[in-house]
Amino acid sequence: MGIRKKSTKNPPVLSHEFIIQNHADIVSCVAMLFLLGLMFEITSKIAVLFITVQYNVTVTANEGSEETAVNYFHNGLKDVATIFFYMLVAIIMHAIIQEYVLDKINRKMHLSKTKHSKFNESGQLSAFYLFSCVWGASILFSENILSNPVSLWEGYPHTLMPFQLKFYYICQLGYWLHAVPELYFQKIKKEDIPRQLVYISLYLVHIAGAYILNLNRLGLVLLVLHYFVELLFHVSRIIYFSNEERQAGFSAWAVLFVLARLLTLSLSVLTVGFGLAGAEQQGLNLSEGNFNVLFVRVTVLAAICTSQAFMMWKFINFQLRRWREHAQTTTSKKKSSSTKGKSRKANGVNGSVSANGADSPRVKKEKSS
């Protein structure tokens with residue numbers, strides 16, 4: 001689907017401005033080439049690598065007296081091509097949400113440049129977090145992971161995944177990879193790029209680590225938990241931009257953020273530190289996808305603890321900055337109210353307005369007879 005941004009300027013073809021304005025159209029054409037490749041026998045084998053989920057395994061399951069074939073999937077190098085294609089889809093979806101939803105709201109709200117960029121960021125992430133939370137929660141319920149927490153480590157390595165779980169990870173990696181070229185397409189300021197790259201890298205490292213190390217069940221639970229808290233934050237920020245007096249959402253987010261960090265650490269230590277440490281299958285076996293060795297377990301826990309500590313540090317700095325801004329606004333309001341009170345007292349005597357005041361009645365002149 002082509003998307004064109006309205007502009008009175010016509011930049012030169014293949015210039016930076018031309019690519020930025022028409023990047024969604026260009027990416028749509030590239031994605032369409034892969035779809036057209038399915039129509040021809042020569043290119044269909046290559047196109048299938050990019051569009052469909054790879055590494056299908058059929059397992060026979062006994063349900064009573066009948067045997068049914070169930071399709072599962074495992075990870076592999078061919079997933080890189082699939083992730084690339086869905087990265088292109090994410091760029092197209094990003095442009096659709098930006099032009100047909102966020103830009104229209106921005107025109108009505110008349111936000112400043114700083115708030116405009118933050119509103120766009122929160123709008124895009126709110127849509128993604130909401131979609132990912134609902135999708136991830138449906139997988140958790142369908143696979144009975146929440147009702148059976150022991151399944152987080154029982155039967156490791158979890159090399160075989162149902163279609164929904166594998167496709168979920170493919171889409172997650174594709175989305176966070178698309179965020180890198182979006183820094184160029186959205187004209188992000190140079191001083192904001194390092195912060196964004198750290199933010200994106202943390203997601204990619206943790207999601208890819210859970211996917212490659214076959215910790216996909218634990219990764220899914222932690223992602224849904226984290227996305228729910230982040231969804232609340234960005235929705236609260238959107239509400240704040242519409243009305244600055246509505247800040248109750250930030251208080252609820254602050255409480256849930258701390259609880260989410262504690263629950264993340266607890267589940268990680270329980271699964272990796274205790275569950276996998278006492279599992280039957282120990283040792284490193286790449287062919288079977290088994291990474292249950294002490295070095296890998298310590299590395300995984302260290303990465304999770306470091307990221308949680310980093311997020312708590314950022315959270316504390318954010319709260320301190322908010323408290324300072326709130327204190328400054330409170331003191332400024334008190335000063336303005338005190339100056340107004342002094343000016344009123346200067347114009348009045350014992351609380352009543354003097355005869356020289358502007359509101360004093362005029363003295364009527366007596367008519368001469």
# chains A, B, ... in the order shown; residues from 1 in each chain; ligands from 1
$ select_by_dssp --residues "stretch 123-315 of chain A" --states "helix (DSSP H, G or I)" --output "ChimeraX atom specification"
/A:123-142,149-152,163-185,190-212,216-242,248-275,294-315
$ residues_around --residues "stretch 300-310 of chain A" --least-positions-apart "3" --cutoff "9 Å" --atoms "only C-alpha atoms" --output "number ranges by chain"
A: 202, 206, 209, 261-262, 264-265, 268-269, 272-273, 295-297, 313-315
$ write_last_selection --atoms "C-alpha atoms" --output "PDB file, in the first residue's frame"
ATOM      1  CA  LEU A 202      18.392  -3.730  24.768  1.00  0.00           C
ATOM      2  CA  HIS A 206      17.083  -9.772  25.089  1.00  0.00           C
ATOM      3  CA  GLY A 209      18.834 -14.134  23.318  1.00  0.00           C
ATOM      4  CA  ARG A 261      11.101  -5.180  37.884  1.00  0.00           C
ATOM      5  CA  LEU A 262      10.812  -7.292  41.040  1.00  0.00           C
ATOM      6  CA  THR A 264      11.035 -10.020  36.328  1.00  0.00           C
ATOM      7  CA  LEU A 265      14.003 -10.709  38.607  1.00  0.00           C
ATOM      8  CA  SER A 268      14.359 -15.102  35.977  1.00  0.00           C
ATOM      9  CA  VAL A 269      16.126 -16.377  39.087  1.00  0.00           C
ATOM     10  CA  VAL A 272      17.315 -19.948  35.203  1.00  0.00           C
ATOM     11  CA  GLY A 273      18.930 -20.072  38.626  1.00  0.00           C
ATOM     12  CA  PHE A 295      28.381 -20.116  32.103  1.00  0.00           C
ATOM     13  CA  VAL A 296      25.240 -19.527  29.995  1.00  0.00           C
ATOM     14  CA  ARG A 297      22.975 -19.433  33.042  1.00  0.00           C
ATOM     15  CA  TRP A 313      18.341   3.945  37.532  1.00  0.00           C
ATOM     16  CA  LYS A 314      16.597   5.668  34.630  1.00  0.00           C
ATOM     17  CA  PHE A 315      13.295   5.423  36.501  1.00  0.00           C
TER      18      PHE A 315
END
$ closest_residue --among "A:Ala90, A:Val180, A:Leu165, A:Ile212" --to "A:Ile200" --atoms "only C-alpha atoms"
A:Val180
$ residues_around --residues "A:Ala81" --least-positions-apart "6" --cutoff "9 Å" --atoms "only C-alpha atoms" --output "MDAnalysis selection string"
chainID A and resid 49:51
$ write_last_selection --atoms "N, CA, C and O atoms" --output "short mmCIF file (atom, residue, chain, number, x, y, z; two decimals), in the first residue's frame"
data_model
loop_
_atom_site.label_atom_id
_atom_site.label_comp_id
_atom_site.auth_asym_id
_atom_site.auth_seq_id
_atom_site.Cartn_x
_atom_site.Cartn_y
_atom_site.Cartn_z
N LEU A 49 11.25 -18.11 1.46
CA LEU A 49 12.17 -17.93 2.58
C LEU A 49 11.89 -16.63 3.34
O LEU A 49 12.07 -16.56 4.56
N PHE A 50 11.46 -15.60 2.62
CA PHE A 50 11.24 -14.29 3.23
C PHE A 50 9.83 -14.15 3.83
O PHE A 50 9.66 -13.45 4.83
N ILE A 51 8.85 -14.80 3.24
CA ILE A 51 7.46 -14.53 3.62
C ILE A 51 6.94 -15.52 4.65
O ILE A 51 6.28 -15.13 5.62
#
$ atom_distance --atom1 "atom CA of A:Lys334" --atom2 "atom CA of A:Arg322"
18.4 Å
$ atom_distance --atom1 "atom CA of A:Asp25" --atom2 "atom CA of A:Phe185"
12.4 Å
$ closest_residue --among "A:Leu125, A:Ile139, A:Leu222, A:Val53" --to "A:Ile83" --atoms "only C-alpha atoms"
A:Val53
